[in-house]
Amino acid sequence: MLLSNRAVFSSSDLDEVRGEVAKVFCPHRLDLAGDADLLSARFNSVQLGSVRVSYLDYGADVRIEPGDLETFFLVMIPLGGRSLIRADDKEIVSTPSLASLASPTRYLDMRWAAGCPQLLVKFERASIERSLEQMLGEQLDGPVVFDLGMDLTTGWTRSWRDMADLLVREAERDDGLAGHPLAVAHLENALISLLLTMQPSNYSERLTAPRPPALPKVVRRAMEFIDGHAHLPLTTADVAGAVAVSCRSLQEGFRAHLGLTPMAHLRRVRLARVHDELRTADPARATVTTVAARWGFLHQGRFAAQYRQRYGQSPSETLRKGSAPGG
């Protein structure tokens, strides 16, 4: 069972189950659709930045009717079994290979079968809309509506699921990355950006429309902004907003003038900050993992490879030699 250290409740009382789940999500109708004796709900949940990850299992066949979610988007991933998900006139049978993505302005009505525990990833509507506006470089002219089904067998969705699983694993550890705000924000931003750019929506066409590349002077301002704010959970959208261009224009400008992306430049800057910290840190007090996580590097193997390629030695060597005489 996921997030067992983040238990909210377990109960076989239908009214209690409905009320406790509503506190985290929204008021909803909850009815038993089969054997009432099977109801044995378990709910584990944790808030990480503006994202909430949860494990929910009713144990029994249930009908759940929240209606319009209004203030949040919800990705629901069955860990077994299947569920019937309806949003307005769209309907899918969700399984471990086909998640559902409920949009806040579509009327949601669901049937979860017994033996269908789900991993739930909740995104605040304001966060999704703010990120999309930054990516477009303009205000939205209507609510965001994603396609209901998310095929978890495709390349990008497997990466997305891996990041969601990483959030869960770290939340399950008392000493995990949940204690590092930059690391959590990095994952949160990546999850939102992937959804917006890869999951079909009513804004997909506008997101992929060609944009002229940003001018060299704009790229220089963007680099200066990144250098001065690398300690913050920056996204391409944040940088684009700071220099008043769209994400696509900024990305095309970086590719045309520097041969890399804004986020690749940010990683270079952060790698340099890690290098500087390791050179001056006390090996008895600091660890490579802690310093790397503070600067948003979550995958230690990939980080170590990038570091060695850039500096010709492992991060642990820098930490060990940095404070030594002549280091």
# chains A, B, ... in the order shown; residues from 1 in each chain; ligands from 1
>>> residues_around(residues="Pro27 in chain A", least_positions_apart="4", cutoff="10 Å", atoms="only C-alpha atoms", output="MDAnalysis selection string")
chainID A and resid 18:23 65:67 69
>>> select_by_dssp(residues="range 102-259 of chain A", states="strand (DSSP E or B)", output="list in words")
Ala102, Leu108, Asp109, Met110, Arg111, Trp112, Gln118, Leu119, Leu120, Val121, Lys122, Phe123, Glu124, Phe146, Gly149, Met150, Asp151 and Ser201 of chain A
>>> write_last_selection(atoms="C-alpha atoms", output="PDB file, in the first residue's frame")
ATOM      1  CA  ALA A 102     -10.406  14.942 -14.866  1.00  0.00           C
ATOM      2  CA  LEU A 108     -17.371  13.896 -13.263  1.00  0.00           C
ATOM      3  CA  ASP A 109     -19.212  10.645 -12.484  1.00  0.00           C
ATOM      4  CA  MET A 110     -17.322   7.411 -11.696  1.00  0.00           C
ATOM      5  CA  ARG A 111     -17.720   3.735 -10.845  1.00  0.00           C
ATOM      6  CA  TRP A 112     -14.748   2.169  -9.058  1.00  0.00           C
ATOM      7  CA  GLN A 118      -5.802   4.271  -7.148  1.00  0.00           C
ATOM      8  CA  LEU A 119      -2.885   6.656  -7.041  1.00  0.00           C
ATOM      9  CA  LEU A 120      -4.317  10.169  -7.240  1.00  0.00           C
ATOM     10  CA  VAL A 121      -2.310  13.235  -8.267  1.00  0.00           C
ATOM     11  CA  LYS A 122      -4.142  16.507  -7.647  1.00  0.00           C
ATOM     12  CA  PHE A 123      -3.063  19.784  -9.272  1.00  0.00           C
ATOM     13  CA  GLU A 124      -4.524  23.131  -8.295  1.00  0.00           C
ATOM     14  CA  PHE A 146      -7.575  17.853 -21.230  1.00  0.00           C
ATOM     15  CA  GLY A 149      -7.675   9.277 -21.056  1.00  0.00           C
ATOM     16  CA  MET A 150      -3.902   9.160 -20.441  1.00  0.00           C
ATOM     17  CA  ASP A 151      -2.258   6.184 -22.165  1.00  0.00           C
ATOM     18  CA  SER A 201      -6.090  19.576 -24.666  1.00  0.00           C
TER      19      SER A 201
END
>>> closest_atom_pairs(of="range 127-229 of chain A", to="range 297-318 of chain A", cutoff="12 Å", atoms="only C-alpha atoms", output="CSV")
residue,atom,partner,partner_atom,distance
A:Asp162,CA,A:His299,CA,11.6
A:Met163,CA,A:Leu298,CA,10.1
A:Leu166,CA,A:Leu298,CA,9.2
A:Leu167,CA,A:Leu298,CA,10.5
A:Glu170,CA,A:Leu298,CA,10.4
A:Gly176,CA,A:Leu298,CA,10.6
A:Leu177,CA,A:Leu298,CA,8.2
A:Ala178,CA,A:Leu298,CA,11.3
A:His180,CA,A:Leu298,CA,10.3
A:Pro181,CA,A:Leu298,CA,12.0
A:Leu182,CA,A:Phe297,CA,9.2
A:Ala183,CA,A:Leu298,CA,6.7
A:Val184,CA,A:Leu298,CA,9.3
A:Ala185,CA,A:Leu298,CA,11.2
A:His186,CA,A:Phe297,CA,8.7
A:Leu187,CA,A:Leu298,CA,8.7
>>> residues_around(residues="Ala281 in chain A", least_positions_apart="3", cutoff="9 Å", atoms="only C-alpha atoms", output="short mmCIF file (atom, residue, chain, number, x, y, z; two decimals) with all heavy atoms, in the first residue's frame")
data_model
loop_
_atom_site.label_atom_id
_atom_site.label_comp_id
_atom_site.auth_asym_id
_atom_site.auth_seq_id
_atom_site.Cartn_x
_atom_site.Cartn_y
_atom_site.Cartn_z
N ASP A 276 30.74 24.63 -6.53
CA ASP A 276 31.28 25.64 -5.60
C ASP A 276 31.02 25.23 -4.15
O ASP A 276 31.89 25.39 -3.29
CB ASP A 276 30.66 27.00 -5.88
CG ASP A 276 31.12 27.59 -7.21
OD1 ASP A 276 32.14 27.13 -7.74
OD2 ASP A 276 30.43 28.50 -7.72
N GLU A 277 29.81 24.72 -3.88
CA GLU A 277 29.49 24.32 -2.51
C GLU A 277 30.34 23.14 -2.05
O GLU A 277 30.83 23.10 -0.92
CB GLU A 277 28.01 23.95 -2.39
CG GLU A 277 27.10 25.16 -2.25
CD GLU A 277 25.74 24.79 -1.67
OE1 GLU A 277 25.68 23.81 -0.89
OE2 GLU A 277 24.76 25.46 -2.02
N LEU A 278 30.51 22.16 -2.95
CA LEU A 278 31.29 20.97 -2.58
C LEU A 278 32.74 21.32 -2.31
O LEU A 278 33.39 20.73 -1.44
CB LEU A 278 31.20 19.91 -3.68
CG LEU A 278 29.82 19.26 -3.89
CD1 LEU A 278 29.87 18.29 -5.06
CD2 LEU A 278 29.37 18.54 -2.62
N ALA A 284 32.74 16.23 6.74
CA ALA A 284 32.17 15.61 7.93
C ALA A 284 30.73 16.04 8.18
O ALA A 284 30.00 15.39 8.94
CB ALA A 284 33.02 15.95 9.16
N ARG A 285 30.32 17.11 7.55
CA ARG A 285 28.97 17.64 7.78
C ARG A 285 28.08 17.59 6.54
O ARG A 285 26.86 17.46 6.66
CB ARG A 285 29.06 19.10 8.27
CG ARG A 285 29.75 19.26 9.61
CD ARG A 285 29.87 20.74 9.98
NE ARG A 285 30.49 20.92 11.29
CZ ARG A 285 29.83 20.94 12.42
NH1 ARG A 285 28.52 20.78 12.41
NH2 ARG A 285 30.46 21.10 13.57
N ALA A 286 28.67 17.72 5.37
CA ALA A 286 27.89 17.78 4.13
C ALA A 286 27.93 16.45 3.40
O ALA A 286 28.87 15.67 3.55
CB ALA A 286 28.43 18.88 3.23
N THR A 287 26.91 16.18 2.61
CA THR A 287 26.90 15.01 1.72
C THR A 287 26.60 15.47 0.31
O THR A 287 25.92 16.50 0.09
CB THR A 287 25.84 13.98 2.14
OG1 THR A 287 24.53 14.54 1.92
CG2 THR A 287 26.00 13.58 3.60
N LEU A 319 34.23 16.97 -2.99
CA LEU A 319 33.92 17.20 -1.58
C LEU A 319 35.11 16.79 -0.70
O LEU A 319 35.48 17.52 0.24
CB LEU A 319 32.69 16.39 -1.17
CG LEU A 319 32.26 16.48 0.29
CD1 LEU A 319 31.95 17.92 0.69
CD2 LEU A 319 31.06 15.57 0.54
N ARG A 320 35.73 15.68 -1.02
CA ARG A 320 36.83 15.17 -0.21
C ARG A 320 38.07 16.03 -0.34
O ARG A 320 38.76 16.33 0.62
CB ARG A 320 37.15 13.74 -0.61
CG ARG A 320 38.17 13.05 0.29
CD ARG A 320 38.33 11.59 -0.04
NE ARG A 320 38.86 11.38 -1.38
CZ ARG A 320 38.15 10.94 -2.42
NH1 ARG A 320 36.86 10.66 -2.27
NH2 ARG A 320 38.70 10.76 -3.60
N GLY A 322 38.19 19.21 -1.65
CA GLY A 322 37.99 20.65 -1.60
C GLY A 322 38.50 21.30 -0.34
O GLY A 322 39.10 22.38 -0.38
N SER A 323 38.27 20.66 0.80
CA SER A 323 38.67 21.26 2.07
C SER A 323 40.04 20.78 2.53
O SER A 323 40.54 21.22 3.56
CB SER A 323 37.63 20.93 3.15
OG SER A 323 37.54 19.51 3.32
#
>>> atom_distance(atom1="CA of Met1 in chain A", atom2="CA of Pro96 in chain A")
15.2 Å
>>> decode(residues="range 12-82 of chain A", atoms="C-alpha atoms", output="PDB file, in the first residue's frame")
ATOM      1  CA  SER A  12     -15.946   0.931   6.967  1.00  0.00           C
ATOM      2  CA  ASP A  13     -18.516   3.650   7.694  1.00  0.00           C
ATOM      3  CA  LEU A  14     -19.832   5.100   4.419  1.00  0.00           C
ATOM      4  CA  ASP A  15     -20.659   8.534   5.843  1.00  0.00           C
ATOM      5  CA  GLU A  16     -17.250   8.855   7.491  1.00  0.00           C
ATOM      6  CA  VAL A  17     -15.488   7.804   4.310  1.00  0.00           C
ATOM      7  CA  ARG A  18     -17.426  10.337   2.247  1.00  0.00           C
ATOM      8  CA  GLY A  19     -16.758  13.134   4.709  1.00  0.00           C
ATOM      9  CA  GLU A  20     -13.034  12.478   5.133  1.00  0.00           C
ATOM     10  CA  VAL A  21     -12.347  12.235   1.388  1.00  0.00           C
ATOM     11  CA  ALA A  22     -14.383  15.405   0.816  1.00  0.00           C
ATOM     12  CA  LYS A  23     -12.083  17.323   3.178  1.00  0.00           C
ATOM     13  CA  VAL A  24      -9.139  16.721   0.843  1.00  0.00           C
ATOM     14  CA  PHE A  25     -10.930  16.924  -2.509  1.00  0.00           C
ATOM     15  CA  CYS A  26     -14.503  18.256  -2.673  1.00  0.00           C
ATOM     16  CA  PRO A  27     -18.057  17.386  -1.582  1.00  0.00           C
ATOM     17  CA  HIS A  28     -19.383  14.437  -3.593  1.00  0.00           C
ATOM     18  CA  ARG A  29     -21.962  11.717  -3.771  1.00  0.00           C
ATOM     19  CA  LEU A  30     -20.679   8.307  -2.662  1.00  0.00           C
ATOM     20  CA  ASP A  31     -22.871   5.200  -2.903  1.00  0.00           C
ATOM     21  CA  LEU A  32     -22.178   1.504  -2.552  1.00  0.00           C
ATOM     22  CA  ALA A  33     -22.809  -0.370  -5.789  1.00  0.00           C
ATOM     23  CA  GLY A  34     -22.317  -3.901  -4.448  1.00  0.00           C
ATOM     24  CA  ASP A  35     -21.804  -5.802  -1.220  1.00  0.00           C
ATOM     25  CA  ALA A  36     -21.801  -3.260   1.643  1.00  0.00           C
ATOM     26  CA  ASP A  37     -19.757  -5.615   3.807  1.00  0.00           C
ATOM     27  CA  LEU A  38     -16.789  -5.156   1.471  1.00  0.00           C
ATOM     28  CA  LEU A  39     -16.410  -1.463   2.298  1.00  0.00           C
ATOM     29  CA  SER A  40     -13.015  -1.065   3.993  1.00  0.00           C
ATOM     30  CA  ALA A  41     -11.683   2.270   2.786  1.00  0.00           C
ATOM     31  CA  ARG A  42      -8.061   3.326   3.230  1.00  0.00           C
ATOM     32  CA  PHE A  43      -6.881   6.826   2.404  1.00  0.00           C
ATOM     33  CA  ASN A  44      -3.282   8.057   2.578  1.00  0.00           C
ATOM     34  CA  SER A  45      -2.357  11.528   1.367  1.00  0.00           C
ATOM     35  CA  VAL A  46       0.323  14.229   1.478  1.00  0.00           C
ATOM     36  CA  GLN A  47       0.637  17.760   0.096  1.00  0.00           C
ATOM     37  CA  LEU A  48       3.930  18.508  -1.695  1.00  0.00           C
ATOM     38  CA  GLY A  49       4.091  22.099  -2.885  1.00  0.00           C
ATOM     39  CA  SER A  50       0.907  22.728  -4.850  1.00  0.00           C
ATOM     40  CA  VAL A  51       0.600  19.032  -5.766  1.00  0.00           C
ATOM     41  CA  ARG A  52      -1.115  16.437  -3.590  1.00  0.00           C
ATOM     42  CA  VAL A  53      -0.461  12.717  -3.997  1.00  0.00           C
ATOM     43  CA  SER A  54      -2.857  10.204  -2.465  1.00  0.00           C
ATOM     44  CA  TYR A  55      -3.635   6.516  -2.226  1.00  0.00           C
ATOM     45  CA  LEU A  56      -7.338   5.657  -2.075  1.00  0.00           C
ATOM     46  CA  ASP A  57      -8.967   2.230  -1.924  1.00  0.00           C
ATOM     47  CA  TYR A  58     -12.630   1.705  -1.090  1.00  0.00           C
ATOM     48  CA  GLY A  59     -12.435  -2.098  -1.037  1.00  0.00           C
ATOM     49  CA  ALA A  60     -15.964  -2.281  -2.466  1.00  0.00           C
ATOM     50  CA  ASP A  61     -17.783  -1.367  -5.679  1.00  0.00           C
ATOM     51  CA  VAL A  62     -18.702   2.298  -5.360  1.00  0.00           C
ATOM     52  CA  ARG A  63     -20.241   5.106  -7.363  1.00  0.00           C
ATOM     53  CA  ILE A  64     -18.535   8.484  -6.893  1.00  0.00           C
ATOM     54  CA  GLU A  65     -20.173  11.610  -8.288  1.00  0.00           C
ATOM     55  CA  PRO A  66     -18.240  14.826  -7.542  1.00  0.00           C
ATOM     56  CA  GLY A  67     -19.764  16.804 -10.407  1.00  0.00           C
ATOM     57  CA  ASP A  68     -17.576  19.746 -11.425  1.00  0.00           C
ATOM     58  CA  LEU A  69     -14.259  19.674  -9.552  1.00  0.00           C
ATOM     59  CA  GLU A  70     -14.044  23.464 -10.061  1.00  0.00           C
ATOM     60  CA  THR A  71     -10.699  24.194  -8.370  1.00  0.00           C
ATOM     61  CA  PHE A  72      -8.424  21.306  -9.350  1.00  0.00           C
ATOM     62  CA  PHE A  73      -7.345  18.795 -11.984  1.00  0.00           C
ATOM     63  CA  LEU A  74      -7.077  15.153 -10.936  1.00  0.00           C
ATOM     64  CA  VAL A  75      -5.019  12.355 -12.465  1.00  0.00           C
ATOM     65  CA  MET A  76      -6.319   8.949 -11.348  1.00  0.00           C
ATOM     66  CA  ILE A  77      -4.124   5.875 -11.899  1.00  0.00           C
ATOM     67  CA  PRO A  78      -5.609   2.453 -11.048  1.00  0.00           C
ATOM     68  CA  LEU A  79      -3.050   0.219  -9.324  1.00  0.00           C
ATOM     69  CA  GLY A  80      -5.202  -2.792 -10.170  1.00  0.00           C
ATOM     70  CA  GLY A  81      -8.690  -3.559 -11.435  1.00  0.00           C
ATOM     71  CA  ARG A  82     -10.687  -1.033 -13.421  1.00  0.00           C
TER      72      ARG A  82
END
